[in-house]
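Below is upload-v1.pdb, which holds PDB, C-alpha atoms.
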```pdb
ATOM      1  CA  MET T   1      15.915  25.315  51.961
ATOM      2  CA  SER T   2      13.283  23.891  54.169
ATOM      3  CA  ARG T   3      10.874  21.445  52.724
ATOM      4  CA  PRO T   4       7.511  22.841  51.761
ATOM      5  CA  GLY T   5       4.961  22.580  54.461
ATOM      6  CA  ARG T   6       7.417  21.385  57.065
ATOM      7  CA  ASP T   7       7.924  24.736  58.710
ATOM      8  CA  ASP T   8       4.413  25.922  58.204
ATOM      9  CA  SER T   9       2.170  25.622  61.154
ATOM     10  CA  PRO T  10      -0.905  23.579  60.364
ATOM     11  CA  ASP T  11      -2.873  26.692  61.274
ATOM     12  CA  ARG T  12      -1.444  28.575  58.327
ATOM     13  CA  LEU T  13      -2.267  25.747  55.941
ATOM     14  CA  TYR T  14      -5.826  25.552  57.243
ATOM     15  CA  THR T  15      -6.214  29.283  56.802
ATOM     16  CA  LEU T  16      -5.125  29.065  53.178
ATOM     17  CA  THR T  17      -7.891  26.627  52.440
ATOM     18  CA  GLN T  18     -10.561  27.986  54.801
ATOM     19  CA  GLY T  19     -10.205  25.005  57.062
ATOM     20  CA  ARG T  20     -10.169  22.236  54.497
ATOM     21  CA  SER T  21      -7.262  19.910  55.122
ATOM     22  CA  ARG T  22      -7.616  17.307  52.461
ATOM     23  CA  SER T  23      -8.729  17.225  48.897
ATOM     24  CA  GLY T  24     -11.789  15.075  48.499
ATOM     25  CA  PRO T  25     -11.913  11.957  46.351
ATOM     26  CA  ASP T  26     -13.756  13.975  43.731
ATOM     27  CA  ASN T  27     -10.865  16.402  43.420
ATOM     28  CA  PRO T  28      -9.932  15.977  39.768
ATOM     29  CA  PHE T  29      -6.323  17.078  39.996
ATOM     30  CA  ASP T  30      -3.719  14.415  39.411
ATOM     31  CA  LEU T  31      -0.080  15.118  40.299
ATOM     32  CA  VAL T  32       0.616  15.623  36.597
ATOM     33  CA  THR T  33      -2.574  17.411  35.568
ATOM     34  CA  LEU T  34      -1.397  20.439  33.573
ATOM     35  CA  VAL T  35      -3.006  23.662  34.725
ATOM     36  CA  VAL T  36      -3.421  26.724  32.515
ATOM     37  CA  ALA T  37      -4.489  30.206  33.657
ATOM     38  CA  GLU T  38      -7.628  31.536  32.004
ATOM     39  CA  CYS T  39      -7.369  35.068  33.392
ATOM     40  CA  ASP T  40      -4.980  37.539  34.956
ATOM     41  CA  PRO T  41      -4.770  38.052  38.704
ATOM     42  CA  VAL T  42      -7.094  40.750  40.021
ATOM     43  CA  PRO T  43      -6.608  43.009  43.047
ATOM     44  CA  GLY T  44      -7.761  41.513  46.310
ATOM     45  CA  MET T  45      -7.157  37.960  45.223
ATOM     46  CA  GLN T  46      -5.576  35.538  47.723
ATOM     47  CA  SER T  47      -1.806  35.703  47.200
ATOM     48  CA  GLU T  48      -1.520  31.971  46.488
ATOM     49  CA  HIS T  49      -4.156  32.312  43.767
ATOM     50  CA  VAL T  50      -2.179  35.195  42.269
ATOM     51  CA  ALA T  51       0.993  33.098  42.337
ATOM     52  CA  ILE T  52      -0.783  30.182  40.649
ATOM     53  CA  LEU T  53      -2.247  32.365  37.897
ATOM     54  CA  ARG T  54       1.185  33.876  37.182
ATOM     55  CA  MET T  55       2.829  30.460  37.168
ATOM     56  CA  THR T  56       0.275  28.895  34.854
ATOM     57  CA  GLU T  57       0.444  31.381  32.009
ATOM     58  CA  ARG T  58       2.054  28.341  30.391
ATOM     59  CA  PRO T  59       0.861  24.813  31.233
ATOM     60  CA  THR T  60       2.244  23.758  34.629
ATOM     61  CA  ALA T  61       1.786  20.451  36.437
ATOM     62  CA  VAL T  62       0.097  20.335  39.843
ATOM     63  CA  VAL T  63       3.243  18.905  41.403
ATOM     64  CA  GLU T  64       5.353  21.784  40.052
ATOM     65  CA  ILE T  65       2.879  24.330  41.361
ATOM     66  CA  ALA T  66       3.043  22.693  44.799
ATOM     67  CA  ALA T  67       6.847  22.713  44.768
ATOM     68  CA  GLU T  68       6.944  26.331  43.647
ATOM     69  CA  LEU T  69       4.411  27.462  46.271
ATOM     70  CA  LYS T  70       6.245  25.337  48.866
ATOM     71  CA  LEU T  71       2.907  23.912  49.878
ATOM     72  CA  PRO T  72       1.869  20.285  50.247
ATOM     73  CA  VAL T  73       0.263  18.803  47.166
ATOM     74  CA  ASN T  74      -3.144  18.303  48.747
ATOM     75  CA  ILE T  75      -3.340  21.929  49.905
ATOM     76  CA  THR T  76      -2.376  22.980  46.380
ATOM     77  CA  ARG T  77      -5.141  20.771  44.971
ATOM     78  CA  ILE T  78      -7.724  22.551  47.105
ATOM     79  CA  LEU T  79      -6.511  25.967  45.934
ATOM     80  CA  LEU T  80      -6.636  24.732  42.334
ATOM     81  CA  SER T  81     -10.148  23.352  42.607
ATOM     82  CA  ASP T  82     -11.325  26.751  43.849
ATOM     83  CA  LEU T  83      -9.718  28.429  40.842
ATOM     84  CA  LEU T  84     -11.163  25.814  38.503
ATOM     85  CA  ALA T  85     -14.653  26.240  39.951
ATOM     86  CA  ALA T  86     -14.337  29.982  39.393
ATOM     87  CA  GLY T  87     -13.262  29.425  35.777
ATOM     88  CA  ARG T  88      -9.919  31.079  36.422
ATOM     89  CA  VAL T  89      -7.860  28.089  35.361
ATOM     90  CA  SER T  90      -8.432  25.147  33.076
ATOM     91  CA  ALA T  91      -7.085  21.649  33.625
ATOM     92  CA  ARG T  92      -5.545  19.242  31.125
ATOM     93  CA  HIS T  93      -5.829  15.887  32.842
ATOM     94  CA  PRO T  94      -3.582  12.959  31.982
ATOM     95  CA  ARG T  95      -5.184  10.489  29.606
ATOM     96  CA  LYS T  96      -5.415   7.485  31.871
ATOM     97  CA  ALA T  97      -5.888   5.182  28.914
ATOM     98  CA  ALA T  98      -2.508   6.400  27.668
ATOM     99  CA  VAL T  99      -0.879   3.856  29.955
ATOM    100  CA  TYR T 100      -2.069   1.118  27.631
ATOM    101  CA  ASP T 101      -1.949   3.046  24.368
ATOM    102  CA  PRO T 102       0.736   1.664  22.011
ATOM    103  CA  ASP T 103       0.806   4.966  20.104
ATOM    104  CA  ILE T 104       1.558   6.934  23.260
ATOM    105  CA  LEU T 105       4.225   4.420  24.309
ATOM    106  CA  GLU T 106       5.792   4.806  20.875
ATOM    107  CA  GLN T 107       5.745   8.594  21.270
ATOM    108  CA  VAL T 108       7.393   8.236  24.671
ATOM    109  CA  LEU T 109      10.122   6.038  23.178
ATOM    110  CA  VAL T 110      10.760   8.455  20.340
ATOM    111  CA  GLY T 111      10.914  11.339  22.792
ATOM    112  CA  LEU T 112      13.352   9.512  25.077
ATOM    113  CA  ARG T 113      15.611   8.453  22.207
ATOM    114  CA  ASN T 114      15.734  12.057  20.993
ATOM    115  CA  LEU T 115      16.931  13.363  24.349
TER     116      LEU T 115
ATOM    117  CA  MET C   1      17.263  19.506  49.068
ATOM    118  CA  ASP C   2      17.589  21.718  46.032
ATOM    119  CA  SER C   3      14.691  23.700  44.788
ATOM    120  CA  ALA C   4      14.513  25.878  41.728
ATOM    121  CA  THR C   5      13.252  29.392  42.196
ATOM    122  CA  SER C   6      10.881  31.306  39.968
ATOM    123  CA  GLU C   7      13.810  32.774  38.098
ATOM    124  CA  THR C   8      15.006  29.386  36.957
ATOM    125  CA  ARG C   9      11.666  27.882  36.007
ATOM    126  CA  THR C  10      11.569  26.431  32.534
ATOM    127  CA  PRO C  11       8.014  26.670  31.244
ATOM    128  CA  LEU C  12       6.437  23.958  29.111
ATOM    129  CA  GLY C  13       5.278  24.616  25.586
ATOM    130  CA  ALA C  14       1.774  26.016  25.260
ATOM    131  CA  SER C  15       0.485  22.831  23.579
ATOM    132  CA  ALA C  16       1.572  20.442  26.364
ATOM    133  CA  ASP C  17      -1.547  18.519  27.378
ATOM    134  CA  ASN C  18      -0.659  15.021  28.535
ATOM    135  CA  GLY C  19       1.308  14.427  31.734
ATOM    136  CA  LEU C  20       2.837  10.964  32.128
ATOM    137  CA  LYS C  21       4.465   9.386  35.178
ATOM    138  CA  ILE C  22       7.325   7.030  35.799
ATOM    139  CA  VAL C  23       8.308   6.226  39.381
ATOM    140  CA  VAL C  24      11.877   5.454  40.393
ATOM    141  CA  VAL C  25      11.776   3.369  43.566
ATOM    142  CA  GLY C  26      14.800   2.583  45.642
ATOM    143  CA  GLY C  27      16.279   2.378  49.100
ATOM    144  CA  PHE C  28      17.990   5.308  50.775
ATOM    145  CA  GLY C  29      21.103   6.266  48.810
ATOM    146  CA  ALA C  30      20.349   4.002  45.844
ATOM    147  CA  GLY C  31      20.653   7.013  43.517
ATOM    148  CA  LYS C  32      17.030   7.888  42.733
ATOM    149  CA  THR C  33      17.530  11.638  42.719
ATOM    150  CA  THR C  34      20.821  11.257  40.841
ATOM    151  CA  LEU C  35      19.055   9.355  38.072
ATOM    152  CA  VAL C  36      16.216  11.868  37.927
ATOM    153  CA  ARG C  37      18.722  14.735  37.798
ATOM    154  CA  SER C  38      20.668  13.070  34.972
ATOM    155  CA  VAL C  39      17.731  13.118  32.563
ATOM    156  CA  SER C  40      15.512  15.925  33.852
ATOM    157  CA  GLU C  41      15.244  19.223  31.973
ATOM    158  CA  ILE C  42      14.634  20.979  35.290
ATOM    159  CA  ARG C  43      16.632  20.759  38.477
ATOM    160  CA  PRO C  44      14.886  18.097  40.558
ATOM    161  CA  LEU C  45      12.257  19.684  42.760
ATOM    162  CA  ASN C  46      11.125  18.486  46.121
ATOM    163  CA  THR C  47       7.613  18.625  47.389
ATOM    164  CA  GLU C  48       5.458  17.143  50.056
ATOM    165  CA  GLU C  49       2.124  15.539  50.596
ATOM    166  CA  LEU C  50       0.270  15.512  53.881
ATOM    167  CA  MET C  51      -1.699  12.360  54.450
ATOM    168  CA  THR C  52      -4.306  12.004  57.106
ATOM    169  CA  ARG C  53      -4.250   8.478  58.355
ATOM    170  CA  ALA C  54      -7.431   8.606  60.350
ATOM    171  CA  GLY C  55      -9.373   5.423  59.905
ATOM    172  CA  GLU C  56      -6.382   3.497  58.602
ATOM    173  CA  ALA C  57      -6.142   0.033  60.093
ATOM    174  CA  VAL C  58      -2.593   0.799  61.103
ATOM    175  CA  ASP C  59      -3.861   3.412  63.536
ATOM    176  CA  ASP C  60      -5.909   0.850  65.409
ATOM    177  CA  VAL C  61      -2.984  -1.522  65.627
ATOM    178  CA  ARG C  62      -0.823   1.157  67.126
ATOM    179  CA  GLY C  63      -3.537   2.448  69.349
ATOM    180  CA  VAL C  64      -3.381   5.911  67.854
ATOM    181  CA  ARG C  65      -6.455   7.929  68.613
ATOM    182  CA  GLY C  66      -7.906  10.528  66.329
ATOM    183  CA  LYS C  67      -6.403  12.033  63.241
ATOM    184  CA  HIS C  68      -2.778  11.487  62.525
ATOM    185  CA  THR C  69      -1.025  13.309  59.741
ATOM    186  CA  THR C  70       1.930  11.791  57.966
ATOM    187  CA  THR C  71       4.172  13.914  55.832
ATOM    188  CA  VAL C  72       5.840  12.354  52.856
ATOM    189  CA  ALA C  73       8.406  14.140  50.720
ATOM    190  CA  PHE C  74       9.427  13.203  47.223
ATOM    191  CA  ASP C  75      11.635  14.501  44.428
ATOM    192  CA  PHE C  76      10.654  14.826  40.841
ATOM    193  CA  GLY C  77      12.023  15.870  37.478
ATOM    194  CA  ARG C  78      10.551  16.506  34.059
ATOM    195  CA  ILE C  79      11.203  15.579  30.443
ATOM    196  CA  SER C  80       9.300  17.246  27.590
ATOM    197  CA  LEU C  81       8.950  14.413  25.100
ATOM    198  CA  ASP C  82       7.223  16.310  22.308
ATOM    199  CA  ALA C  83       4.712  19.114  21.820
ATOM    200  CA  HIS C  84       2.024  17.237  23.789
ATOM    201  CA  ASN C  85       3.589  14.654  26.102
ATOM    202  CA  VAL C  86       5.455  15.577  29.271
ATOM    203  CA  LEU C  87       7.035  12.844  31.347
ATOM    204  CA  TYR C  88       7.412  13.351  35.089
ATOM    205  CA  LEU C  89       9.892  11.206  36.984
ATOM    206  CA  PHE C  90       9.223  10.672  40.668
ATOM    207  CA  GLY C  91      11.792   9.437  43.123
ATOM    208  CA  ALA C  92      10.103   7.353  45.810
ATOM    209  CA  PRO C  93      11.699   5.737  48.839
ATOM    210  CA  GLY C  94      10.899   2.034  48.794
ATOM    211  CA  GLN C  95      10.540   1.414  52.512
ATOM    212  CA  GLU C  96       7.496  -0.411  53.692
ATOM    213  CA  ARG C  97       6.078   2.440  55.737
ATOM    214  CA  PHE C  98       5.729   4.683  52.678
ATOM    215  CA  TRP C  99       3.827   2.354  50.460
ATOM    216  CA  PHE C 100       0.268   3.134  51.390
ATOM    217  CA  LEU C 101       1.109   6.676  50.370
ATOM    218  CA  TRP C 102       2.673   5.798  47.024
ATOM    219  CA  ASP C 103      -0.306   3.720  46.036
ATOM    220  CA  GLN C 104      -2.468   6.821  46.139
ATOM    221  CA  LEU C 105       0.076   9.307  44.940
ATOM    222  CA  PHE C 106       1.401   7.455  41.935
ATOM    223  CA  SER C 107      -1.713   5.804  40.596
ATOM    224  CA  GLY C 108      -1.820   5.761  36.828
ATOM    225  CA  THR C 109       1.934   5.554  36.438
ATOM    226  CA  LEU C 110       3.295   4.074  33.196
ATOM    227  CA  GLY C 111       5.623   1.870  35.182
ATOM    228  CA  ALA C 112       8.427   1.824  37.701
ATOM    229  CA  VAL C 113      12.179   1.517  37.791
ATOM    230  CA  VAL C 114      13.471  -0.304  40.866
ATOM    231  CA  LEU C 115      16.912   1.155  41.429
ATOM    232  CA  VAL C 116      19.075  -1.333  43.303
ATOM    233  CA  ASP C 117      22.282  -0.825  45.204
ATOM    234  CA  THR C 118      23.762  -4.319  44.921
ATOM    235  CA  ARG C 119      25.475  -3.845  48.289
ATOM    236  CA  ARG C 120      22.022  -3.599  49.853
ATOM    237  CA  ILE C 121      19.866  -5.811  47.746
ATOM    238  CA  ASP C 122      17.373  -6.577  50.488
ATOM    239  CA  ASP C 123      16.327  -2.894  50.462
ATOM    240  CA  SER C 124      14.473  -3.723  47.232
ATOM    241  CA  TRP C 125      12.572  -6.828  48.246
ATOM    242  CA  TYR C 126       9.563  -5.071  49.619
ATOM    243  CA  ALA C 127       9.257  -2.662  46.676
ATOM    244  CA  ILE C 128       9.388  -5.491  44.149
ATOM    245  CA  ASP C 129       6.847  -7.534  46.062
ATOM    246  CA  ARG C 130       4.514  -4.580  46.257
ATOM    247  CA  LEU C 131       4.844  -3.650  42.574
ATOM    248  CA  GLU C 132       4.119  -7.251  41.595
ATOM    249  CA  ARG C 133       1.007  -7.344  43.761
ATOM    250  CA  ASN C 134      -0.194  -3.986  42.410
ATOM    251  CA  GLY C 135       0.332  -5.175  38.845
ATOM    252  CA  THR C 136       2.560  -2.170  38.165
ATOM    253  CA  PRO C 137       5.022  -3.090  35.429
ATOM    254  CA  PHE C 138       8.662  -2.483  36.334
ATOM    255  CA  ILE C 139      12.256  -3.142  35.445
ATOM    256  CA  VAL C 140      15.238  -3.472  37.769
ATOM    257  CA  ALA C 141      18.299  -1.282  37.286
ATOM    258  CA  CYS C 142      21.410  -1.952  39.363
ATOM    259  CA  ASN C 143      23.213   1.298  40.006
ATOM    260  CA  ASP C 144      26.926   0.724  39.581
ATOM    261  CA  PHE C 145      28.712   2.084  42.632
ATOM    262  CA  GLY C 146      32.035   0.681  41.496
ATOM    263  CA  GLY C 147      32.001  -2.125  44.035
ATOM    264  CA  PRO C 148      32.381  -5.781  43.167
ATOM    265  CA  ALA C 149      30.249  -6.583  40.164
ATOM    266  CA  PHE C 150      27.573  -9.194  40.578
ATOM    267  CA  ALA C 151      26.529 -11.360  37.691
ATOM    268  CA  PRO C 152      22.997 -10.545  36.550
ATOM    269  CA  GLU C 153      21.958 -14.108  37.457
ATOM    270  CA  GLN C 154      23.126 -13.581  41.027
ATOM    271  CA  VAL C 155      21.100 -10.384  41.368
ATOM    272  CA  ARG C 156      18.096 -11.977  39.717
ATOM    273  CA  ASP C 157      18.301 -14.885  42.134
ATOM    274  CA  ALA C 158      18.747 -12.648  45.150
ATOM    275  CA  LEU C 159      15.669 -10.645  44.131
ATOM    276  CA  ASP C 160      13.719 -13.753  43.150
ATOM    277  CA  LEU C 161      12.857 -11.902  39.985
ATOM    278  CA  ASP C 162      10.411 -13.106  37.364
ATOM    279  CA  PRO C 163      12.416 -14.095  34.248
ATOM    280  CA  HIS C 164      10.357 -11.681  32.132
ATOM    281  CA  VAL C 165      11.389  -8.631  34.162
ATOM    282  CA  PRO C 166      14.331  -6.862  32.506
ATOM    283  CA  LEU C 167      17.396  -6.398  34.684
ATOM    284  CA  ILE C 168      20.113  -3.964  33.636
ATOM    285  CA  THR C 169      23.134  -2.240  35.121
ATOM    286  CA  CYS C 170      23.339   1.537  35.003
ATOM    287  CA  ASP C 171      25.331   4.522  36.152
ATOM    288  CA  ALA C 172      22.729   6.926  37.508
ATOM    289  CA  ARG C 173      25.186   9.836  37.147
ATOM    290  CA  SER C 174      25.289   9.355  33.387
ATOM    291  CA  ARG C 175      22.608  10.918  31.255
ATOM    292  CA  GLU C 176      23.005   8.320  28.509
ATOM    293  CA  SER C 177      22.859   5.460  30.971
ATOM    294  CA  SER C 178      19.796   6.874  32.756
ATOM    295  CA  LYS C 179      18.124   7.473  29.390
ATOM    296  CA  LEU C 180      18.717   3.839  28.550
ATOM    297  CA  VAL C 181      17.067   2.796  31.832
ATOM    298  CA  LEU C 182      13.901   4.676  30.867
ATOM    299  CA  ILE C 183      13.984   3.358  27.303
ATOM    300  CA  THR C 184      14.347  -0.191  28.636
ATOM    301  CA  LEU C 185      11.277   0.316  30.822
ATOM    302  CA  VAL C 186       9.131   1.703  27.997
ATOM    303  CA  GLU C 187      10.252  -1.044  25.594
ATOM    304  CA  HIS C 188       9.290  -3.551  28.278
ATOM    305  CA  LEU C 189       5.857  -1.898  28.591
ATOM    306  CA  ARG C 190       5.358  -2.001  24.852
ATOM    307  CA  ALA C 191       6.222  -5.704  24.758
ATOM    308  CA  LEU C 192       3.902  -6.399  27.695
ATOM    309  CA  TYR C 193       0.890  -4.667  26.208
ATOM    310  CA  ALA C 194       1.524  -6.243  22.812
ATOM    311  CA  ASP C 195       1.011  -9.641  24.468
ATOM    312  CA  PRO C 196      -2.495  -9.798  25.971
ATOM    313  CA  ALA C 197      -1.641 -12.956  27.910
ATOM    314  CA  ARG C 198       1.024 -11.079  29.863
ATOM    315  CA  ALA C 199      -0.455  -7.591  29.906
ATOM    316  CA  PRO C 200      -0.591  -6.366  33.493
ATOM    317  CA  ARG C 201      -3.898  -5.392  34.981
ATOM    318  CA  GLN C 202      -2.795  -2.329  36.807
ATOM    319  CA  GLU C 203      -5.462  -0.659  38.848
ATOM    320  CA  LEU C 204      -6.090   2.783  37.472
ATOM    321  CA  VAL C 205      -7.656   4.653  40.313
TER     322      VAL C 205
END
```
Would you write the structure of this file as structure tokens?
Amino acid sequence: MSRPGRDDSPDRLYTLTQGRSRSGPDNPFDLVTLVVAECDPVPGMQSEHVAILRMTERPTAVVEIAAELKLPVNITRILLSDLLAAGRVSARHPRKAAVYDPDILEQVLVGLRNL
Amino acid sequence: MDSATSETRTPLGASADNGLKIVVVGGFGAGKTTLVRSVSEIRPLNTEELMTRAGEAVDDVRGVRGKHTTTVAFDFGRISLDAHNVLYLFGAPGQERFWFLWDQLFSGTLGAVVLVDTRRIDDSWYAIDRLERNGTPFIVACNDFGGPAFAPEQVRDALDLDPHVPLITCDARSRESSKLVLITLVEHLRALYADPARAPRQELV
């Protein structure tokens, strides 16, 4: 396969996001933010939005959505922030404090040992 | 690069709500994707980030005018740890030119595994230096390619590694061995944070 984004002309990517090329610093989506659909696709919706809503019937990480859409992560983030602003998806952000949390580290160890 | 299609997607459980990150850094061919594949519940996926480097100091040095977009590709895999926690493993090339991208992309990571091919140890110097300066906790795993074995002390010396940083040998093709690499990292993290004097002050952007 070709890598996502590589064969897309920049023009197509700009069109998808109405000209926005980068997600701003206030874009809340981390690579591993889990996204969940809050509604079904409706007719007339942008096809990428439809694909995201279908994909996120179960929690799905931003990076997986990007890989599945074959779009760069930052373009995906812009699409997601539009859906979030419209209330069509919700976002479960990583708990940043988890990095230091001994309970979470213990849960990670248990999970890894059970693999 | 492989990519799963919609038909092969394995959805997470409905209660999953906390994504965690571990980065596997290594030179070209060190076995990053192999390790990720060994433990991942999904076939490793590949995706890309476009980075606009306008305004970066590096642009001035090179005399580049205007906006300049860099594309960086990376692989990742996934491990569902329990009903809530999902661990994502990212394979990141360790070369110097990629690092300003990784800093942004992988902020908030639990820690890193530096995967070393002992035949090309110097591929890892820059990554280790950078992780140390960032305060990102890491361990070193030497991927066993069946060549002449180096004593751990030799590798440690060659990498000028802090004595507290765990160094292990692994076979990235083996699920058990790759699991052990991750467990070693998380045990190291637990020990670090249990000791306030040594706890890293990683920048959480």
Can you build me a table of chain T residues sitting at most 6 Å from chain C, with the closest atom pair per residue and its distance in Å to one decimal, using all atoms listed in the file, sorted by chain and residue number, as a tab-separated table?
```
residue	atom	partner	partner_atom	distance
T:Val32	CA	C:Gly19	CA	5.1
T:Arg58	CA	C:Ala14	CA	5.6
T:Ala67	CA	C:Thr47	CA	4.9
T:Pro72	CA	C:Glu49	CA	4.8
T:Val73	CA	C:Glu49	CA	5.1
T:Arg92	CA	C:Asp17	CA	5.5
T:Pro94	CA	C:Asn18	CA	5.0
T:Val99	CA	C:Leu110	CA	5.3
T:Gly111	CA	C:Leu81	CA	4.3
```
As JSON, what would the box around region 162-168 of chain C look like: edges along x, y and z, 5 Å added on every side, centre and edge lengths in Å to one decimal?
```
{"center_x": 15.2, "center_y": -9.0, "center_z": 34.7, "size_x": 19.8, "size_y": 20.1, "size_z": 15.2}
```
Residue list as a list in words for point (0.5, 26.3, 31.5), cut-off 7 Å, only C-alpha atoms =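 Those residues lying close to the given coordinates are Leu34, Val35, Val36, Ala37, Thr56, Glu57, Arg58, Pro59 and Thr60 of chain T; Leu12 and Ala14 of chain C.
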query = Written as a ChimeraX atom specification, what is the full residue list that the PyMOL selection byres ((chain C and resi 155) around 12) yields on the file shown?
reply = /C:116-122,124-125,140-143,149-154,156-163,166-169
For Cys39 (chain T): contacts at 8 Å, all atoms listed in the file, fewer than 3 positions along chain excluded, given as a CSV table (one decimal) with C-alpha atoms, in the frame of the given file:
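out.csv was written with the following content:
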```csv
chain,number,residue,atom,x,y,z
T,53,LEU,CA,-2.2,32.4,37.9
T,88,ARG,CA,-9.9,31.1,36.4
T,89,VAL,CA,-7.9,28.1,35.4
```
request  = Please indicate the distance in Å from CA of Ala86 (chain T) to CA of Arg54 (chain T), rounded to one decimal place.
outcome  =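 The value is 16.2 Å.
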query = Could you write out as a list in words the residues that the PyMOL selection byres ((chain T and resi 29) around 10) matches in the shown file?
reply = Ser23, Pro25, Asp26, Asn27, Pro28, Asp30, Leu31, Val32, Thr33, Leu34, Val35, Ala61, Val62, Val63, Val73, Asn74, Thr76, Arg77, Ile78, Leu80, Ser81, Ala91, Arg92, His93 and Pro94 of chain T
request  = For CA of Ser38 (chain C) and CA of Ser177 (chain C), quote the distance in Å rounded to one decimal.
outcome  =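 That distance, rounded to one decimal, is 8.9 Å.
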query = Hey, can you check how far CA of His49 (chain T) sits from CA of Leu79 (chain T)?
reply =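 Calculated distance between CA of His49 (chain T) and CA of Leu79 (chain T) is 7.1 Å.
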